[in-house]
file work-v7.pdb (PDB, C-alpha atoms)
ATOM      1  CA  MET A   1       7.544  -2.047 -12.756  1.00  0.00           C
ATOM      2  CA  ARG A   2       9.556  -4.631 -14.654  1.00  0.00           C
ATOM      3  CA  ALA A   3       8.084  -7.428 -12.524  1.00  0.00           C
ATOM      4  CA  ILE A   4       4.532  -6.218 -13.210  1.00  0.00           C
ATOM      5  CA  ASN A   5       5.328  -6.058 -16.930  1.00  0.00           C
ATOM      6  CA  ASP A   6       6.911  -9.520 -16.865  1.00  0.00           C
ATOM      7  CA  LEU A   7       3.836 -10.935 -15.077  1.00  0.00           C
ATOM      8  CA  HIS A   8       1.307  -8.939 -17.107  1.00  0.00           C
ATOM      9  CA  ASP A   9      -0.653 -12.048 -18.133  1.00  0.00           C
ATOM     10  CA  ALA A  10      -0.587 -13.737 -14.722  1.00  0.00           C
ATOM     11  CA  PRO A  11      -4.068 -14.158 -13.232  1.00  0.00           C
ATOM     12  CA  ALA A  12      -2.954 -12.654  -9.905  1.00  0.00           C
ATOM     13  CA  LEU A  13      -0.106 -10.892  -8.134  1.00  0.00           C
ATOM     14  CA  ILE A  14       0.814 -11.172  -4.479  1.00  0.00           C
ATOM     15  CA  ILE A  15       2.870  -8.148  -3.463  1.00  0.00           C
ATOM     16  CA  ASP A  16       4.718  -8.659  -0.174  1.00  0.00           C
ATOM     17  CA  LEU A  17       5.204  -5.339   1.638  1.00  0.00           C
ATOM     18  CA  ARG A  18       5.724  -6.800   5.095  1.00  0.00           C
ATOM     19  CA  GLY A  19       8.525  -5.038   6.904  1.00  0.00           C
ATOM     20  CA  ASN A  20       8.596  -2.221   4.326  1.00  0.00           C
ATOM     21  CA  PRO A  21       9.098   1.076   6.215  1.00  0.00           C
ATOM     22  CA  GLY A  22       8.034   3.268   3.272  1.00  0.00           C
ATOM     23  CA  GLY A  23       9.432   5.138   0.345  1.00  0.00           C
ATOM     24  CA  VAL A  24       8.775   8.065  -1.940  1.00  0.00           C
ATOM     25  CA  PHE A  25       5.617   9.318  -3.619  1.00  0.00           C
ATOM     26  CA  PRO A  26       6.646   8.949  -7.293  1.00  0.00           C
ATOM     27  CA  VAL A  27       7.383   5.236  -6.825  1.00  0.00           C
ATOM     28  CA  ARG A  28       4.118   4.333  -5.090  1.00  0.00           C
ATOM     29  CA  LYS A  29       2.111   6.425  -7.563  1.00  0.00           C
ATOM     30  CA  ALA A  30       3.785   4.797 -10.594  1.00  0.00           C
ATOM     31  CA  ILE A  31       3.187   1.268  -9.330  1.00  0.00           C
ATOM     32  CA  ALA A  32      -0.420   2.023  -8.333  1.00  0.00           C
ATOM     33  CA  SER A  33      -1.016   3.627 -11.740  1.00  0.00           C
ATOM     34  CA  LYS A  34       0.251   0.442 -13.433  1.00  0.00           C
ATOM     35  CA  LEU A  35      -2.221  -1.607 -11.363  1.00  0.00           C
ATOM     36  CA  VAL A  36      -5.242   0.703 -11.836  1.00  0.00           C
ATOM     37  CA  GLY A  37      -4.704   2.211 -15.284  1.00  0.00           C
ATOM     38  CA  GLU A  38      -7.088   5.161 -14.884  1.00  0.00           C
ATOM     39  CA  PRO A  39      -6.610   8.674 -13.435  1.00  0.00           C
ATOM     40  CA  LYS A  40      -8.510   7.910 -10.217  1.00  0.00           C
ATOM     41  CA  LEU A  41      -8.066   9.766  -6.928  1.00  0.00           C
ATOM     42  CA  PHE A  42      -5.088   8.162  -5.189  1.00  0.00           C
ATOM     43  CA  MET A  43      -4.612  10.190  -2.013  1.00  0.00           C
ATOM     44  CA  ARG A  44      -5.767  13.344  -0.256  1.00  0.00           C
ATOM     45  CA  TYR A  45      -3.393  15.460   1.804  1.00  0.00           C
ATOM     46  CA  GLN A  46      -5.031  17.661   4.415  1.00  0.00           C
ATOM     47  CA  ARG A  47      -2.980  20.765   5.185  1.00  0.00           C
ATOM     48  CA  ARG A  48      -3.759  23.525   7.678  1.00  0.00           C
ATOM     49  CA  ASP A  49      -4.784  25.816   4.849  1.00  0.00           C
ATOM     50  CA  GLY A  50      -6.383  23.416   2.392  1.00  0.00           C
ATOM     51  CA  LEU A  51      -6.593  20.045   0.775  1.00  0.00           C
ATOM     52  CA  ASP A  52      -4.385  18.634  -1.984  1.00  0.00           C
ATOM     53  CA  GLU A  53      -5.472  15.694  -4.115  1.00  0.00           C
ATOM     54  CA  ALA A  54      -3.191  13.320  -5.992  1.00  0.00           C
ATOM     55  CA  TYR A  55      -4.471  11.321  -8.953  1.00  0.00           C
ATOM     56  CA  LEU A  56      -3.086   8.228 -10.606  1.00  0.00           C
ATOM     57  CA  ASP A  57      -1.832   8.424 -14.175  1.00  0.00           C
ATOM     58  CA  SER A  58      -3.601   6.874 -17.123  1.00  0.00           C
ATOM     59  CA  VAL A  59      -1.612   3.794 -18.116  1.00  0.00           C
ATOM     60  CA  PRO A  60      -2.406   1.897 -21.305  1.00  0.00           C
ATOM     61  CA  ASP A  61      -2.347  -1.861 -20.917  1.00  0.00           C
ATOM     62  CA  ALA A  62      -2.466  -1.758 -17.101  1.00  0.00           C
ATOM     63  CA  TYR A  63      -2.302  -5.027 -15.177  1.00  0.00           C
ATOM     64  CA  GLN A  64      -5.805  -6.547 -15.052  1.00  0.00           C
ATOM     65  CA  GLY A  65      -5.370  -9.559 -12.763  1.00  0.00           C
ATOM     66  CA  LYS A  66      -6.236  -9.834  -9.104  1.00  0.00           C
ATOM     67  CA  VAL A  67      -3.930  -8.046  -6.631  1.00  0.00           C
ATOM     68  CA  VAL A  68      -3.242  -9.146  -3.064  1.00  0.00           C
ATOM     69  CA  ILE A  69      -0.924  -7.159  -0.806  1.00  0.00           C
ATOM     70  CA  LEU A  70       0.708  -8.643   2.284  1.00  0.00           C
ATOM     71  CA  VAL A  71       1.265  -6.202   5.194  1.00  0.00           C
ATOM     72  CA  ASP A  72       2.246  -6.333   8.842  1.00  0.00           C
ATOM     73  CA  GLU A  73       2.961  -4.093  11.824  1.00  0.00           C
ATOM     74  CA  LEU A  74       6.201  -2.943  10.152  1.00  0.00           C
ATOM     75  CA  SER A  75       4.569  -1.837   6.873  1.00  0.00           C
ATOM     76  CA  ALA A  76       4.559   1.930   7.352  1.00  0.00           C
ATOM     77  CA  SER A  77       4.358   5.345   5.737  1.00  0.00           C
ATOM     78  CA  SER A  78       4.402   5.132   1.948  1.00  0.00           C
ATOM     79  CA  THR A  79       3.495   1.457   2.181  1.00  0.00           C
ATOM     80  CA  GLU A  80       0.354   2.404   4.098  1.00  0.00           C
ATOM     81  CA  GLU A  81      -0.613   5.028   1.502  1.00  0.00           C
ATOM     82  CA  PHE A  82      -0.122   2.580  -1.361  1.00  0.00           C
ATOM     83  CA  THR A  83      -1.971  -0.242   0.370  1.00  0.00           C
ATOM     84  CA  GLY A  84      -4.759   1.872   1.863  1.00  0.00           C
ATOM     85  CA  SER A  85      -5.487   3.598  -1.431  1.00  0.00           C
ATOM     86  CA  LEU A  86      -5.608   0.404  -3.485  1.00  0.00           C
ATOM     87  CA  GLN A  87      -7.868  -1.106  -0.834  1.00  0.00           C
ATOM     88  CA  ALA A  88     -10.179   1.941  -0.923  1.00  0.00           C
ATOM     89  CA  LEU A  89     -10.295   1.803  -4.729  1.00  0.00           C
ATOM     90  CA  GLY A  90     -11.285  -1.856  -4.572  1.00  0.00           C
ATOM     91  CA  ARG A  91      -8.201  -2.783  -6.580  1.00  0.00           C
ATOM     92  CA  ALA A  92      -6.370  -4.861  -3.979  1.00  0.00           C
ATOM     93  CA  THR A  93      -7.217  -7.246  -1.184  1.00  0.00           C
ATOM     94  CA  ILE A  94      -5.036  -6.764   1.873  1.00  0.00           C
ATOM     95  CA  VAL A  95      -3.837  -9.801   3.843  1.00  0.00           C
ATOM     96  CA  GLY A  96      -1.821  -9.922   7.068  1.00  0.00           C
ATOM     97  CA  SER A  97      -1.850  -7.836  10.226  1.00  0.00           C
ATOM     98  CA  GLN A  98      -2.776  -4.194  10.793  1.00  0.00           C
ATOM     99  CA  THR A  99      -0.158  -1.623   9.817  1.00  0.00           C
ATOM    100  CA  PRO A 100       1.172   0.765  12.507  1.00  0.00           C
ATOM    101  CA  GLY A 101      -0.389   4.038  11.370  1.00  0.00           C
ATOM    102  CA  ARG A 102       2.915   5.877  10.923  1.00  0.00           C
ATOM    103  CA  CYS A 103       1.866   7.826   7.884  1.00  0.00           C
ATOM    104  CA  LEU A 104       2.481  11.562   7.732  1.00  0.00           C
ATOM    105  CA  VAL A 105       3.511  13.651   4.771  1.00  0.00           C
ATOM    106  CA  MET A 106       6.741  15.365   5.685  1.00  0.00           C
ATOM    107  CA  ASN A 107       9.536  17.618   4.521  1.00  0.00           C
ATOM    108  CA  ILE A 108      13.185  16.944   5.241  1.00  0.00           C
ATOM    109  CA  VAL A 109      15.564  19.881   5.593  1.00  0.00           C
ATOM    110  CA  SER A 110      19.356  19.701   5.872  1.00  0.00           C
ATOM    111  CA  LEU A 111      20.668  21.792   8.742  1.00  0.00           C
ATOM    112  CA  PRO A 112      24.041  23.610   8.686  1.00  0.00           C
ATOM    113  CA  ASN A 113      25.582  21.078  11.079  1.00  0.00           C
ATOM    114  CA  GLY A 114      24.708  18.190   8.745  1.00  0.00           C
ATOM    115  CA  ALA A 115      21.712  16.990  10.747  1.00  0.00           C
ATOM    116  CA  LEU A 116      18.331  16.520   9.121  1.00  0.00           C
ATOM    117  CA  LEU A 117      15.119  18.095  10.376  1.00  0.00           C
ATOM    118  CA  THR A 118      11.942  16.248   9.504  1.00  0.00           C
ATOM    119  CA  TYR A 119       8.572  17.902  10.002  1.00  0.00           C
ATOM    120  CA  PRO A 120       5.071  16.914   8.921  1.00  0.00           C
ATOM    121  CA  TRP A 121       3.072  19.237   6.713  1.00  0.00           C
ATOM    122  CA  GLY A 122      -0.047  17.212   6.018  1.00  0.00           C
ATOM    123  CA  GLN A 123      -2.283  14.305   6.893  1.00  0.00           C
ATOM    124  CA  SER A 124      -2.738  11.402   4.472  1.00  0.00           C
ATOM    125  CA  GLN A 125      -6.279  10.301   3.652  1.00  0.00           C
ATOM    126  CA  THR A 126      -7.326   7.482   1.349  1.00  0.00           C
ATOM    127  CA  PRO A 127      -9.786   8.163  -1.479  1.00  0.00           C
ATOM    128  CA  ASP A 128     -12.640   7.103   0.808  1.00  0.00           C
ATOM    129  CA  GLY A 129     -11.520   9.585   3.505  1.00  0.00           C
ATOM    130  CA  ARG A 130      -9.788   7.239   5.957  1.00  0.00           C
ATOM    131  CA  VAL A 131      -6.998   8.880   7.955  1.00  0.00           C
ATOM    132  CA  LEU A 132      -3.998   6.556   8.058  1.00  0.00           C
ATOM    133  CA  GLU A 133      -1.919   8.265  10.776  1.00  0.00           C
ATOM    134  CA  ASN A 134      -2.448   6.492  14.092  1.00  0.00           C
ATOM    135  CA  ASN A 135      -4.987   4.142  12.439  1.00  0.00           C
ATOM    136  CA  GLY A 136      -3.063   2.155   9.860  1.00  0.00           C
ATOM    137  CA  VAL A 137      -4.551  -0.151   7.270  1.00  0.00           C
ATOM    138  CA  ILE A 138      -6.800  -2.932   8.509  1.00  0.00           C
ATOM    139  CA  PRO A 139      -6.431  -6.017   6.310  1.00  0.00           C
ATOM    140  CA  ASP A 140      -9.421  -7.505   4.529  1.00  0.00           C
ATOM    141  CA  VAL A 141      -8.105 -10.900   5.623  1.00  0.00           C
ATOM    142  CA  GLU A 142      -6.446 -10.666   9.042  1.00  0.00           C
ATOM    143  CA  VAL A 143      -3.853 -13.350   9.650  1.00  0.00           C
ATOM    144  CA  ALA A 144      -1.242 -13.203  12.391  1.00  0.00           C
ATOM    145  CA  LEU A 145       2.161 -14.752  11.942  1.00  0.00           C
ATOM    146  CA  ASP A 146       2.491 -17.870  14.037  1.00  0.00           C
ATOM    147  CA  ARG A 147       5.948 -18.377  15.566  1.00  0.00           C
ATOM    148  CA  ALA A 148       5.588 -22.140  15.756  1.00  0.00           C
ATOM    149  CA  SER A 149       4.638 -22.295  12.073  1.00  0.00           C
ATOM    150  CA  LEU A 150       7.562 -20.035  11.118  1.00  0.00           C
ATOM    151  CA  LEU A 151       9.946 -22.328  12.970  1.00  0.00           C
ATOM    152  CA  GLN A 152       8.556 -25.177  10.838  1.00  0.00           C
ATOM    153  CA  GLY A 153       9.194 -23.144   7.677  1.00  0.00           C
ATOM    154  CA  ARG A 154       5.536 -22.134   7.162  1.00  0.00           C
ATOM    155  CA  ASP A 155       4.424 -18.548   6.512  1.00  0.00           C
ATOM    156  CA  THR A 156       0.743 -18.446   7.525  1.00  0.00           C
ATOM    157  CA  GLN A 157       0.176 -14.993   6.018  1.00  0.00           C
ATOM    158  CA  LEU A 158       1.584 -15.978   2.631  1.00  0.00           C
ATOM    159  CA  GLU A 159      -0.371 -19.238   2.756  1.00  0.00           C
ATOM    160  CA  ALA A 160      -3.575 -17.234   3.396  1.00  0.00           C
ATOM    161  CA  ALA A 161      -2.807 -14.937   0.445  1.00  0.00           C
ATOM    162  CA  ILE A 162      -2.190 -17.896  -1.872  1.00  0.00           C
ATOM    163  CA  GLU A 163      -5.408 -19.582  -0.687  1.00  0.00           C
ATOM    164  CA  TYR A 164      -7.356 -16.346  -1.231  1.00  0.00           C
ATOM    165  CA  VAL A 165      -6.014 -15.951  -4.772  1.00  0.00           C
ATOM    166  CA  ALA A 166      -6.609 -19.619  -5.636  1.00  0.00           C
ATOM    167  CA  LYS A 167     -10.271 -19.386  -4.630  1.00  0.00           C
ATOM    168  CA  ARG A 168     -10.792 -16.166  -6.638  1.00  0.00           C
ATOM    169  CA  ILE A 169      -9.166 -17.484  -9.797  1.00  0.00           C
ATOM    170  CA  ILE A 170     -11.432 -20.541  -9.813  1.00  0.00           C
ATOM    171  CA  GLU A 171     -14.576 -18.361  -9.457  1.00  0.00           C
TER     172      GLU A 171
END

call {"tool": "encode", "arguments": {"input": "work-v7.pdb", "output": "structure tokens"}}
result
Amino acid sequence: MRAINDLHDAPALIIDLRGNPGGVFPVRKAIASKLVGEPKLFMRYQRRDGLDEAYLDSVPDAYQGKVVILVDELSASSTEEFTGSLQALGRATIVGSQTPGRCLVMNIVSLPNGALLTYPWGQSQTPDGRVLENNGVIPDVEVALDRASLLQGRDTQLEAAIEYVAKRIIE
């Protein structure tokens, strides 16, 4: 949040979520709210007995610049919800490679022996109805990492994101 505030007047943000295995709902909702600014539908959660909907918060002075999010095959769970929702809302352009589709809403229970039991209770759906589990987020601009380029110190996905932003700022 501090970084978004510090860069509030920047014409664009590139958010790198490659390799991010996920997180918790309040964090992704707060960041998305800061990027959208209006109480729009953020995510639907299909349960056996119904449907829950989560809305973004109204945020005065939300970030108005362009948003690009970098993802890869290791960007999972909460990262997929955040990215997929901002893509569905038309708020972010996604660059990189398809995410793995490991996105279930789950509860975690501590067992008497100290182990943790994790079990899913719902299915995540973006505002436009896309199911993320087993499907992932398909980037708007698909760019694979190139090993030879990485060995030369070049990140082809980041380069594509920078090129995308540069073209949009000039327009």

call {"tool": "atom_distance", "arguments": {"input": "work-v7.pdb", "atom1": "atom CA of Val95 of chain A", "atom2": "atom CA of Asp140 of chain A"}}
result
6.1 Å

call {"tool": "closest_residue", "arguments": {"input": "work-v7.pdb", "among": "A:Gln64, A:Gly96, A:Asn107, A:Asn5", "to": "Asp146 of chain A", "atoms": "only C-alpha atoms"}}
result
A:Gly96

call {"tool": "closest_residue", "arguments": {"input": "work-v7.pdb", "among": "A:Asp16, A:Val109, A:Tyr119, A:Gly84", "to": "Leu158 of chain A", "atoms": "all atoms listed in the file"}}
result
A:Asp16

call {"tool": "resolve_selection", "arguments": {"input": "work-v7.pdb", "expression": "the PyMOL selection byres ((chain A and resi 132) around 8)", "output": "VMD selection string"}}
result
chain A and resid 80 to 81 84 101 to 103 124 to 126 130 to 131 133 to 137

call {"tool": "write_last_selection", "arguments": {"input": "work-v7.pdb", "atoms": "C-alpha atoms", "output": "compact mmCIF listing (two decimals), in the coordinates of the input"}}
result
# COMPACT_ATOMS: atom_id res chain seq x y z
CA GLU A 80 0.35 2.40 4.10
CA GLU A 81 -0.61 5.03 1.50
CA GLY A 84 -4.76 1.87 1.86
CA GLY A 101 -0.39 4.04 11.37
CA ARG A 102 2.92 5.88 10.92
CA CYS A 103 1.87 7.83 7.88
CA SER A 124 -2.74 11.40 4.47
CA GLN A 125 -6.28 10.30 3.65
CA THR A 126 -7.33 7.48 1.35
CA ARG A 130 -9.79 7.24 5.96
CA VAL A 131 -7.00 8.88 7.96
CA GLU A 133 -1.92 8.26 10.78
CA ASN A 134 -2.45 6.49 14.09
CA ASN A 135 -4.99 4.14 12.44
CA GLY A 136 -3.06 2.15 9.86
CA VAL A 137 -4.55 -0.15 7.27

call {"tool": "resolve_selection", "arguments": {"input": "work-v7.pdb", "expression": "the PyMOL selection byres ((chain A and resi 78) around 8)", "output": "list of chain:residue names"}}
result
A:Pro21, A:Gly22, A:Gly23, A:Val24, A:Phe25, A:Arg28, A:Ala76, A:Ser77, A:Thr79, A:Glu80, A:Glu81, A:Phe82, A:Cys103

call {"tool": "write_last_selection", "arguments": {"input": "work-v7.pdb", "atoms": "C-alpha atoms", "output": "PDB file, in the coordinates of the input"}}
result
ATOM      1  CA  PRO A  21       9.098   1.076   6.215  1.00  0.00           C
ATOM      2  CA  GLY A  22       8.034   3.268   3.272  1.00  0.00           C
ATOM      3  CA  GLY A  23       9.432   5.138   0.345  1.00  0.00           C
ATOM      4  CA  VAL A  24       8.775   8.065  -1.940  1.00  0.00           C
ATOM      5  CA  PHE A  25       5.617   9.318  -3.619  1.00  0.00           C
ATOM      6  CA  ARG A  28       4.118   4.333  -5.090  1.00  0.00           C
ATOM      7  CA  ALA A  76       4.559   1.930   7.352  1.00  0.00           C
ATOM      8  CA  SER A  77       4.358   5.345   5.737  1.00  0.00           C
ATOM      9  CA  THR A  79       3.495   1.457   2.181  1.00  0.00           C
ATOM     10  CA  GLU A  80       0.354   2.404   4.098  1.00  0.00           C
ATOM     11  CA  GLU A  81      -0.613   5.028   1.502  1.00  0.00           C
ATOM     12  CA  PHE A  82      -0.122   2.580  -1.361  1.00  0.00           C
ATOM     13  CA  CYS A 103       1.866   7.826   7.884  1.00  0.00           C
TER      14      CYS A 103
END

call {"tool": "residues_around", "arguments": {"input": "work-v7.pdb", "residues": "Thr93 of chain A", "least_positions_apart": "5", "cutoff": "12 Å", "atoms": "all atoms listed in the file", "output": "JSON, numbers by chain"}}
result
{"A": [12, 13, 14, 15, 65, 66, 67, 68, 69, 70, 71, 83, 84, 85, 86, 87, 88, 137, 138, 139, 140, 141, 142, 160, 161, 162, 164, 165, 168]}

call {"tool": "resolve_selection", "arguments": {"input": "work-v7.pdb", "expression": "the PyMOL selection byres ((chain A and resi 60) around 9)", "output": "list in words"}}
result
Lys34, Gly37, Glu38, Ser58, Val59, Asp61 and Ala62 of chain A

call {"tool": "atom_distance", "arguments": {"input": "work-v7.pdb", "atom1": "atom CA of Pro127 of chain A", "atom2": "atom CA of Pro100 of chain A"}}
result
19.2 Å

call {"tool": "build_atoms", "arguments": {"input": "work-v7.pdb", "residues": "segment 69-80 of chain A", "atoms": "all heavy atoms", "output": "PDB file, in the coordinates of the input"}}
result
ATOM      1  N   ILE A  69      -2.097  -7.783  -1.426  1.00  0.00           N
ATOM      2  CA  ILE A  69      -0.924  -7.159  -0.806  1.00  0.00           C
ATOM      3  C   ILE A  69      -0.782  -7.673   0.615  1.00  0.00           C
ATOM      4  O   ILE A  69      -1.745  -7.628   1.396  1.00  0.00           O
ATOM      5  CB  ILE A  69      -1.042  -5.621  -0.810  1.00  0.00           C
ATOM      6  CG1 ILE A  69      -1.211  -5.104  -2.242  1.00  0.00           C
ATOM      7  CG2 ILE A  69       0.189  -4.997  -0.149  1.00  0.00           C
ATOM      8  CD1 ILE A  69      -1.501  -3.613  -2.325  1.00  0.00           C
ATOM      9  N   LEU A  70       0.396  -8.178   0.931  1.00  0.00           N
ATOM     10  CA  LEU A  70       0.708  -8.643   2.284  1.00  0.00           C
ATOM     11  C   LEU A  70       1.302  -7.492   3.093  1.00  0.00           C
ATOM     12  O   LEU A  70       2.232  -6.813   2.631  1.00  0.00           O
ATOM     13  CB  LEU A  70       1.732  -9.774   2.242  1.00  0.00           C
ATOM     14  CG  LEU A  70       1.232 -11.137   1.799  1.00  0.00           C
ATOM     15  CD1 LEU A  70       2.407 -12.061   1.508  1.00  0.00           C
ATOM     16  CD2 LEU A  70       0.332 -11.734   2.852  1.00  0.00           C
ATOM     17  N   VAL A  71       0.763  -7.249   4.303  1.00  0.00           N
ATOM     18  CA  VAL A  71       1.265  -6.202   5.194  1.00  0.00           C
ATOM     19  C   VAL A  71       1.377  -6.736   6.613  1.00  0.00           C
ATOM     20  O   VAL A  71       0.788  -7.759   6.961  1.00  0.00           O
ATOM     21  CB  VAL A  71       0.361  -4.938   5.186  1.00  0.00           C
ATOM     22  CG1 VAL A  71       0.348  -4.274   3.825  1.00  0.00           C
ATOM     23  CG2 VAL A  71      -1.046  -5.259   5.654  1.00  0.00           C
ATOM     24  N   ASP A  72       2.129  -5.994   7.425  1.00  0.00           N
ATOM     25  CA  ASP A  72       2.246  -6.333   8.842  1.00  0.00           C
ATOM     26  C   ASP A  72       2.477  -5.064   9.654  1.00  0.00           C
ATOM     27  O   ASP A  72       2.389  -3.955   9.116  1.00  0.00           O
ATOM     28  CB  ASP A  72       3.361  -7.360   9.070  1.00  0.00           C
ATOM     29  CG  ASP A  72       4.757  -6.859   8.731  1.00  0.00           C
ATOM     30  OD1 ASP A  72       4.940  -5.647   8.457  1.00  0.00           O
ATOM     31  OD2 ASP A  72       5.693  -7.684   8.737  1.00  0.00           O
ATOM     32  N   GLU A  73       2.788  -5.230  10.915  1.00  0.00           N
ATOM     33  CA  GLU A  73       2.961  -4.093  11.824  1.00  0.00           C
ATOM     34  C   GLU A  73       4.214  -3.272  11.519  1.00  0.00           C
ATOM     35  O   GLU A  73       4.428  -2.226  12.119  1.00  0.00           O
ATOM     36  CB  GLU A  73       2.972  -4.555  13.280  1.00  0.00           C
ATOM     37  CG  GLU A  73       4.048  -5.566  13.613  1.00  0.00           C
ATOM     38  CD  GLU A  73       3.738  -6.999  13.189  1.00  0.00           C
ATOM     39  OE1 GLU A  73       2.581  -7.300  12.839  1.00  0.00           O
ATOM     40  OE2 GLU A  73       4.674  -7.821  13.200  1.00  0.00           O
ATOM     41  N   LEU A  74       5.023  -3.702  10.566  1.00  0.00           N
ATOM     42  CA  LEU A  74       6.201  -2.943  10.152  1.00  0.00           C
ATOM     43  C   LEU A  74       6.025  -2.294   8.775  1.00  0.00           C
ATOM     44  O   LEU A  74       6.949  -1.666   8.270  1.00  0.00           O
ATOM     45  CB  LEU A  74       7.440  -3.849  10.147  1.00  0.00           C
ATOM     46  CG  LEU A  74       7.823  -4.442  11.502  1.00  0.00           C
ATOM     47  CD1 LEU A  74       8.983  -5.427  11.355  1.00  0.00           C
ATOM     48  CD2 LEU A  74       8.162  -3.362  12.501  1.00  0.00           C
ATOM     49  N   SER A  75       4.868  -2.448   8.182  1.00  0.00           N
ATOM     50  CA  SER A  75       4.569  -1.837   6.873  1.00  0.00           C
ATOM     51  C   SER A  75       4.060  -0.427   7.141  1.00  0.00           C
ATOM     52  O   SER A  75       2.924  -0.248   7.552  1.00  0.00           O
ATOM     53  CB  SER A  75       3.493  -2.644   6.136  1.00  0.00           C
ATOM     54  OG  SER A  75       3.872  -3.987   5.990  1.00  0.00           O
ATOM     55  N   ALA A  76       4.901   0.574   6.911  1.00  0.00           N
ATOM     56  CA  ALA A  76       4.559   1.930   7.352  1.00  0.00           C
ATOM     57  C   ALA A  76       4.661   2.954   6.238  1.00  0.00           C
ATOM     58  O   ALA A  76       5.137   2.670   5.137  1.00  0.00           O
ATOM     59  CB  ALA A  76       5.489   2.335   8.504  1.00  0.00           C
ATOM     60  N   SER A  77       4.177   4.148   6.541  1.00  0.00           N
ATOM     61  CA  SER A  77       4.358   5.345   5.737  1.00  0.00           C
ATOM     62  C   SER A  77       3.861   5.170   4.306  1.00  0.00           C
ATOM     63  O   SER A  77       2.678   4.976   4.063  1.00  0.00           O
ATOM     64  CB  SER A  77       5.828   5.771   5.810  1.00  0.00           C
ATOM     65  OG  SER A  77       6.026   7.041   5.245  1.00  0.00           O
ATOM     66  N   SER A  78       4.754   5.247   3.356  1.00  0.00           N
ATOM     67  CA  SER A  78       4.402   5.132   1.948  1.00  0.00           C
ATOM     68  C   SER A  78       3.708   3.799   1.659  1.00  0.00           C
ATOM     69  O   SER A  78       2.798   3.729   0.828  1.00  0.00           O
ATOM     70  CB  SER A  78       5.674   5.257   1.098  1.00  0.00           C
ATOM     71  OG  SER A  78       5.375   5.256  -0.260  1.00  0.00           O
ATOM     72  N   THR A  79       4.122   2.761   2.341  1.00  0.00           N
ATOM     73  CA  THR A  79       3.495   1.457   2.181  1.00  0.00           C
ATOM     74  C   THR A  79       2.030   1.524   2.583  1.00  0.00           C
ATOM     75  O   THR A  79       1.168   0.933   1.936  1.00  0.00           O
ATOM     76  CB  THR A  79       4.236   0.398   3.029  1.00  0.00           C
ATOM     77  OG1 THR A  79       5.597   0.345   2.601  1.00  0.00           O
ATOM     78  CG2 THR A  79       3.607  -0.964   2.907  1.00  0.00           C
ATOM     79  N   GLU A  80       1.739   2.262   3.648  1.00  0.00           N
ATOM     80  CA  GLU A  80       0.354   2.404   4.098  1.00  0.00           C
ATOM     81  C   GLU A  80      -0.471   3.210   3.098  1.00  0.00           C
ATOM     82  O   GLU A  80      -1.641   2.885   2.844  1.00  0.00           O
ATOM     83  CB  GLU A  80       0.312   3.052   5.483  1.00  0.00           C
ATOM     84  CG  GLU A  80       0.890   2.138   6.552  1.00  0.00           C
ATOM     85  CD  GLU A  80       0.940   2.781   7.920  1.00  0.00           C
ATOM     86  OE1 GLU A  80       1.759   3.713   8.104  1.00  0.00           O
ATOM     87  OE2 GLU A  80       0.164   2.353   8.787  1.00  0.00           O
TER      88      GLU A  80
END
